[in-house]
Structures are given as structure tokens and as C-alpha cells.
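Following: one structure in C-alpha cells, then a few remarks.
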Amino acid sequence: MIKTWILFIVILFPLLAFSQQQPTRLVSKKDSLMPGMSTSIPFSLQNNSSENKVYDISVTTSNPLITPILEKGEFQISSQESSVYLVPLRISAEATQGEYSITLNITDRSSGLASTKTSSITISANRKLSLTALESPEFTRAGETIRASFLLKNNGNVTENLTLQSKNAIVDHDPSITLGPNESKIITIHKATSPELGQNEFQNLNLSVSSKDNPKEDQTVYISTQVISVHPANQDIYHRLPVVASLSFIGMKNMGIYNDGFQGEIYGKGSLDKENKNQIEFHAVTHNPIELNTFTQYEEYFINYKRDNLFLHLGDKTYSSSYLTEFARYGRGAEIRYDFNRVSVGGFYNRPRFSEILKMSLISIPHSKSVKSLKFQLGICTKCP
């Protein structure tokens with residue numbers, strides 16, 4: 001039994017002694033506090049007298065934006081003991097960057113003696129800008145001025161030195177502006193429109209704000225206004241000459257040999273005038289960098305022109321003559337044809353591209369005439385093997 005008590009004393013005494021010791025230095029993370037958060041500040045209190053003490057506690061701060069959650073209270077400490085009193089604080093979202101002091105007022109309830117303890121906290125910088133479009137017209141007449149307003153607000157706790165600019169409008173304020181914490185200003189911009197605008201169009205205006213000290217806060221906001229033409233021009237909206245271009249990278253491995261390269265293509269078809277009388281079409285495909293197969297295009301170049309009854313073609317195409325001689329053969333050449341009511345006159349020169357026997361064919365003066373379902377054609381055909 002005695003050995004058991006000795007064992008308990010040896011094990012528990014160091015633990016009891018360690019639990020009664022108070023740290024000589026309280027560690028508190030008070031240098032990285034942000035606006036809008038809550039925290040607790042520890043104060044060390046000690047009773048060196050031979051009597052138990054009851055203290056009345058009150059807390060004050062150096063700024064009204066930092067408020068104690070419990071402003072008043074009481075605290076009991078036994079004789080010859082030390083303890084920690086935690087002061088919970090609420091930091092307002094509008095608190096600015098800087099250092100603030102927290103004061104703990106301590107009054108001995110029995111003797112009336114008062115004392116104070118002070119601790120400091122540091123509020124870190126919080127940068128947050130907002131730029132919002134307020135008012136802008138949805139429509140305006142050509143010749144009038146587009147005006148738009150924006151709300152610029154500093155939602156952070158640091159004074160910001162800002163620069164205002166617009167790439168397509170005039171800012172109605174100095175380009176440099178200073179905004180304190182929680183301060184806001186209305187910024188306006190304007191742009192004059194041309195009274196000679198030929199057709200309706202949308203115009204986009206923007207306002208950009210940049211911070212000299214914090215480039216990450218740069219912001220740009222856009223507004224869109226439709227400008228209505230007061231003198232619309234007489235334009236054919238269907239007059240177009242669409243052009244499509246592409247570039248392809250092609251690679252193929254055949255029989256252990258790998259080849260690759262680029263192949264470009266451009267194609268266009270449309271009219272050259274507003275009356276759509278002069279029609280043009282062109283196509284160009286560059287050399288195939290690999291062996292010809294079903295997945296790639298062969299090299300091709302042509303351009304043709306058509307106006308009323310006249311047709312001209314230069315380049316690659318499938319040239320056709322009659323069913324009796326040779327109806328069609330693909331090759332490179334030139335063709336001209338003119339249509340008179342029911343009679344067509346013309347000819348073409350063709351150098352076949354994929355024929356090992358035929359080198360050249362020439363067909364001239366084709367003549368055709370349709371009578372109901374009958375068609376007559378007369379021509380001269382010359383071939384060079």
C-alpha cells in the first residue's frame with residue numbers, strides 16, 4: 001500500500017506542479033488582424049496578497065471601430081495565484097490600417113484600488129476597390145453625346161491613389177484621384193457621336209481604374225449604347241464578298257516514312273458591285289505536303305468571272321464538252337463562253353492533270369440550240385496525246 005502511494009506521488013506531483021505554473025510571456029497573434037473579424041486579447045493578472053480578491057473589470061479601446069464584446073465584468077483570483085483574463089473584441093469592417101491600444105481597467109472591490117493594463121493590436125491592410133456602371137443610355141441619336149456614370153468605391157481600409165482613363169471616351173475628372181477608406185465617388189465619361197453616321201451601330205465605352213500601389217486592383221467596366229442613324233445611307237446590306245482562309249498541318253507515316261507540312265487554302269465568292277452583276281469566285285489550295293489520299297485536298301488554283309451572259313474561267317476545273325467525244329476531264333486551263341438567248345459561243349483550253357496519255361485538248365466554237373427538250377451542239381475538238 002505504501003509503495004502504491006509513493007508511485008502516485010512520483011507520477012502526479014510533476015504534473016500538478018507543471019499545471020500550476022503560468023507562462024511568463026503570453027503569446028498572442030495580434031499583428032495580422034483584418035477588418036471585419038473578431039479576436040481575443042489576453043491580459044495576465046496576479047494576486048500577490050494573502051487574501052482572495054474580486055476585481056471589477058472594464059475595457060476601453062483607442063478607436064470606436066474596435067469594440068469590446070464584454071465591456072464590463074468581474075474576476076476572482078485566489079491568494080498568491082496568477083491567471084489570464086481574455087478580452088473579446090469585434091473589429092469593424094471600416095477599421096483602417098494601423099496600431100490600436102486596448103486598455104483593461106482593474107478595480108479591487110474590497111480596497112477600491114485601481115490599476116490599468118494596456119495591450120496593442122495591429123490591423124493589417126485590406127485593399128478592395130469596386131467599380132460599377134450606374135447610368136448610361138440604351139439608345140441615342142447620331143450627333144448626340146453619349147454620357148455614362150460609374151460608382152467608384154474604396155471598400156478597403158487603406159487610402160488609395162488611383163488613375164482614371166478611358167480608351168474610347170473622355171473622362172470628366174482629373175486622371176489622378178485619391179480615395180480614403182470607405183470613400184466613394186461618381187465618375188462620368190462622355191463621347192460625341194458623328195451626325196453623318198450611315199447606319200445604326202453599337203458603341204462601347206469603358207472606364208478603367210488602376211492603383212499605383214497595387215496593380216492587382218486594376219479594373220475596367222464597359223457600357224454599350226446603340227446609336228441610331230438620322231441620315232441612313234442607301235446601302236445594300238446583302239452586298240458581300242465573303243472570303244474564308246485556313247491553314248492545316250498534315251502529317252502521315254506510310255511504309256515507315258513520315259512526311260508532314262502545312263497546307264493553306266483560301267476561297268471567296270461574291271459580287272464586285274452593288275447591283276450584283278459582276279460575280280467573281282476564286283479558290284487556291286497550296287501543295288499537298290504528303291502523298292494524296294482521301295483525307296487531304298489536291299493542289300488547286302482557279303478564278304472565274306461572270307457578268308450577264310459572259311463567263312470567264314482561268315485555272316483548274318472539270319472542263320466538259322459533249323457526250324459523243326469526251327464529256328468531262330479535270331485539268332488546268334482557260335475557258336470563255338458567251339450566251340445569246342438559245343445560242344452559246346465559246347471555247348476552252350485544257351491540260352489534263354491526271355492523264356498519262358493525253359497532254360492537251362482544245363475545243364472551240366461550241367454551238368448549241370435548245371428546242372423544247374432537244375439540244376443541238378456543234379464544236380471542234382483537238383487533242384494532243
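Following the order of the C-alpha cells, first chain is A, next is B, and so on, with residues numbered from 1 inside each chain and ligands from 1 in the order they appear.
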Could you go through stretch 158-200 of chain A and tell me which residues DSSP, when run on the backbone, assigns to strand (DSSP E or B), listing them as a PyMOL selection string? chain A and resi 160-165+170-171+176-179+184-192
Quick one: write out the picked residues with all heavy atoms as a compact mmCIF listing (two decimals), in the first residue's frame?
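Saved result, out30.txt, follows:
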```
# COMPACT_ATOMS: atom_id res chain seq x y z
N GLU A 160 -6.22 54.96 -51.17
CA GLU A 160 -5.77 54.53 -52.50
C GLU A 160 -5.52 55.75 -53.38
O GLU A 160 -6.33 56.68 -53.44
CB GLU A 160 -6.82 53.64 -53.17
CG GLU A 160 -7.09 52.33 -52.45
CD GLU A 160 -6.01 51.29 -52.69
OE1 GLU A 160 -5.00 51.61 -53.36
OE2 GLU A 160 -6.18 50.16 -52.21
N ASN A 161 -4.37 55.73 -54.07
CA ASN A 161 -4.04 56.72 -55.10
C ASN A 161 -4.32 56.08 -56.46
O ASN A 161 -3.61 55.16 -56.87
CB ASN A 161 -2.58 57.15 -54.99
CG ASN A 161 -2.29 57.83 -53.67
OD1 ASN A 161 -3.04 58.69 -53.24
ND2 ASN A 161 -1.20 57.44 -53.01
N LEU A 162 -5.35 56.57 -57.14
CA LEU A 162 -5.86 55.90 -58.33
C LEU A 162 -5.68 56.76 -59.57
O LEU A 162 -5.58 57.99 -59.49
CB LEU A 162 -7.35 55.58 -58.14
CG LEU A 162 -7.71 54.79 -56.88
CD1 LEU A 162 -9.21 54.68 -56.72
CD2 LEU A 162 -7.06 53.41 -56.91
N THR A 163 -5.65 56.08 -60.70
CA THR A 163 -5.55 56.73 -62.01
C THR A 163 -6.75 56.31 -62.85
O THR A 163 -7.04 55.12 -62.99
CB THR A 163 -4.25 56.34 -62.73
OG1 THR A 163 -3.14 56.73 -61.92
CG2 THR A 163 -4.15 57.04 -64.08
N LEU A 164 -7.44 57.29 -63.44
CA LEU A 164 -8.62 57.05 -64.26
C LEU A 164 -8.27 57.25 -65.73
O LEU A 164 -7.55 58.20 -66.07
CB LEU A 164 -9.76 57.98 -63.87
CG LEU A 164 -10.21 57.96 -62.41
CD1 LEU A 164 -11.24 59.05 -62.17
CD2 LEU A 164 -10.76 56.60 -62.04
N GLN A 165 -8.79 56.38 -66.59
CA GLN A 165 -8.57 56.54 -68.02
C GLN A 165 -9.64 55.79 -68.80
O GLN A 165 -10.27 54.87 -68.28
CB GLN A 165 -7.18 56.04 -68.42
CG GLN A 165 -6.95 54.56 -68.17
CD GLN A 165 -5.59 54.09 -68.63
OE1 GLN A 165 -4.87 54.81 -69.31
NE2 GLN A 165 -5.23 52.87 -68.27
N ILE A 170 -13.97 60.41 -73.09
CA ILE A 170 -13.30 61.46 -72.33
C ILE A 170 -13.78 61.39 -70.88
O ILE A 170 -14.99 61.39 -70.61
CB ILE A 170 -13.59 62.85 -72.92
CG1 ILE A 170 -13.06 62.92 -74.37
CG2 ILE A 170 -12.95 63.94 -72.08
CD1 ILE A 170 -13.40 64.21 -75.07
N VAL A 171 -12.83 61.33 -69.94
CA VAL A 171 -13.17 61.29 -68.52
C VAL A 171 -13.37 62.72 -68.02
O VAL A 171 -12.53 63.58 -68.25
CB VAL A 171 -12.07 60.58 -67.71
CG1 VAL A 171 -12.44 60.50 -66.24
CG2 VAL A 171 -11.82 59.18 -68.27
N SER A 176 -5.94 61.69 -61.91
CA SER A 176 -5.48 61.17 -60.62
C SER A 176 -6.50 61.50 -59.55
O SER A 176 -7.00 62.63 -59.48
CB SER A 176 -4.12 61.75 -60.25
OG SER A 176 -3.14 61.40 -61.20
N ILE A 177 -6.81 60.52 -58.72
CA ILE A 177 -7.82 60.69 -57.68
C ILE A 177 -7.37 59.92 -56.46
O ILE A 177 -6.73 58.86 -56.56
CB ILE A 177 -9.20 60.20 -58.18
CG1 ILE A 177 -10.27 60.50 -57.16
CG2 ILE A 177 -9.17 58.74 -58.52
CD1 ILE A 177 -11.68 60.16 -57.64
N THR A 178 -7.71 60.45 -55.27
CA THR A 178 -7.38 59.80 -54.00
C THR A 178 -8.68 59.46 -53.27
O THR A 178 -9.54 60.32 -53.09
CB THR A 178 -6.51 60.71 -53.13
OG1 THR A 178 -5.30 61.02 -53.84
CG2 THR A 178 -6.16 60.02 -51.82
N LEU A 179 -8.79 58.20 -52.85
CA LEU A 179 -9.96 57.74 -52.12
C LEU A 179 -9.53 57.18 -50.78
O LEU A 179 -8.68 56.28 -50.71
CB LEU A 179 -10.71 56.65 -52.90
CG LEU A 179 -11.64 57.07 -54.04
CD1 LEU A 179 -12.35 55.86 -54.60
CD2 LEU A 179 -12.65 58.09 -53.58
N SER A 184 -16.33 56.95 -51.53
CA SER A 184 -16.78 56.65 -52.89
C SER A 184 -16.98 57.95 -53.66
O SER A 184 -17.22 59.01 -53.06
CB SER A 184 -18.09 55.85 -52.86
OG SER A 184 -19.12 56.59 -52.22
N LYS A 185 -16.89 57.85 -54.99
CA LYS A 185 -17.11 58.99 -55.87
C LYS A 185 -17.78 58.52 -57.15
O LYS A 185 -17.60 57.38 -57.59
CB LYS A 185 -15.79 59.70 -56.20
CG LYS A 185 -15.24 60.54 -55.07
CD LYS A 185 -14.07 61.38 -55.53
CE LYS A 185 -13.56 62.28 -54.40
NZ LYS A 185 -12.43 63.13 -54.85
N ILE A 186 -18.55 59.41 -57.74
CA ILE A 186 -19.20 59.13 -59.03
C ILE A 186 -18.36 59.74 -60.14
O ILE A 186 -18.05 60.93 -60.12
CB ILE A 186 -20.63 59.70 -59.05
CG1 ILE A 186 -21.50 58.99 -58.01
CG2 ILE A 186 -21.24 59.54 -60.43
CD1 ILE A 186 -22.92 59.50 -57.95
N ILE A 187 -17.98 58.90 -61.09
CA ILE A 187 -17.14 59.31 -62.22
C ILE A 187 -17.99 59.28 -63.48
O ILE A 187 -18.72 58.32 -63.73
CB ILE A 187 -15.94 58.36 -62.39
CG1 ILE A 187 -15.21 58.16 -61.05
CG2 ILE A 187 -14.98 58.91 -63.42
CD1 ILE A 187 -14.65 59.42 -60.44
N THR A 188 -17.91 60.34 -64.27
CA THR A 188 -18.66 60.40 -65.53
C THR A 188 -17.71 60.49 -66.72
O THR A 188 -16.62 61.05 -66.62
CB THR A 188 -19.61 61.62 -65.55
OG1 THR A 188 -18.84 62.82 -65.39
CG2 THR A 188 -20.62 61.53 -64.42
N ILE A 189 -18.14 59.93 -67.84
CA ILE A 189 -17.40 60.00 -69.09
C ILE A 189 -18.38 60.40 -70.19
O ILE A 189 -19.60 60.27 -70.03
CB ILE A 189 -16.72 58.66 -69.45
CG1 ILE A 189 -17.77 57.56 -69.64
CG2 ILE A 189 -15.72 58.25 -68.39
CD1 ILE A 189 -17.20 56.24 -70.13
N HIS A 190 -17.85 60.88 -71.32
CA HIS A 190 -18.72 61.23 -72.44
C HIS A 190 -17.97 61.03 -73.76
O HIS A 190 -16.74 61.02 -73.79
CB HIS A 190 -19.21 62.67 -72.32
CG HIS A 190 -18.14 63.70 -72.59
ND1 HIS A 190 -17.27 64.16 -71.62
CD2 HIS A 190 -17.79 64.34 -73.75
CE1 HIS A 190 -16.45 65.04 -72.15
NE2 HIS A 190 -16.74 65.17 -73.44
N LYS A 191 -18.78 60.88 -74.82
CA LYS A 191 -18.23 60.74 -76.17
C LYS A 191 -19.25 61.27 -77.17
O LYS A 191 -20.43 60.93 -77.12
CB LYS A 191 -17.91 59.28 -76.49
CG LYS A 191 -17.35 59.08 -77.89
CD LYS A 191 -17.10 57.62 -78.20
CE LYS A 191 -16.52 57.46 -79.61
NZ LYS A 191 -16.28 56.04 -79.94
N ALA A 192 -18.78 62.13 -78.08
CA ALA A 192 -19.66 62.69 -79.12
C ALA A 192 -19.76 61.70 -80.29
O ALA A 192 -18.78 61.06 -80.67
CB ALA A 192 -19.11 64.02 -79.60
```
Find the spatial neighbours of stretch 74-86 of chain A, counting only C-alpha atoms, within a cut-off of 7 Å - ignore same-chain residues fewer than 2 positions away - and output them as a PyMOL selection string. chain A and resi 22+40-57+88
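Restricting the calculation to only C-alpha atoms, the smallest distance between A:Glu265 and any of A:Ser246, A:Ser110, A:Thr61, A:Thr296 is found for A:Ser246.
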Rank nothing, just name the residue among A:Gln263, A:Thr286, A:Ser166, A:Asn157 nearest to A:Glu299, using only C-alpha atoms.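 When distances to A:Glu299 are compared using only C-alpha atoms, the smallest one comes from A:Thr286.
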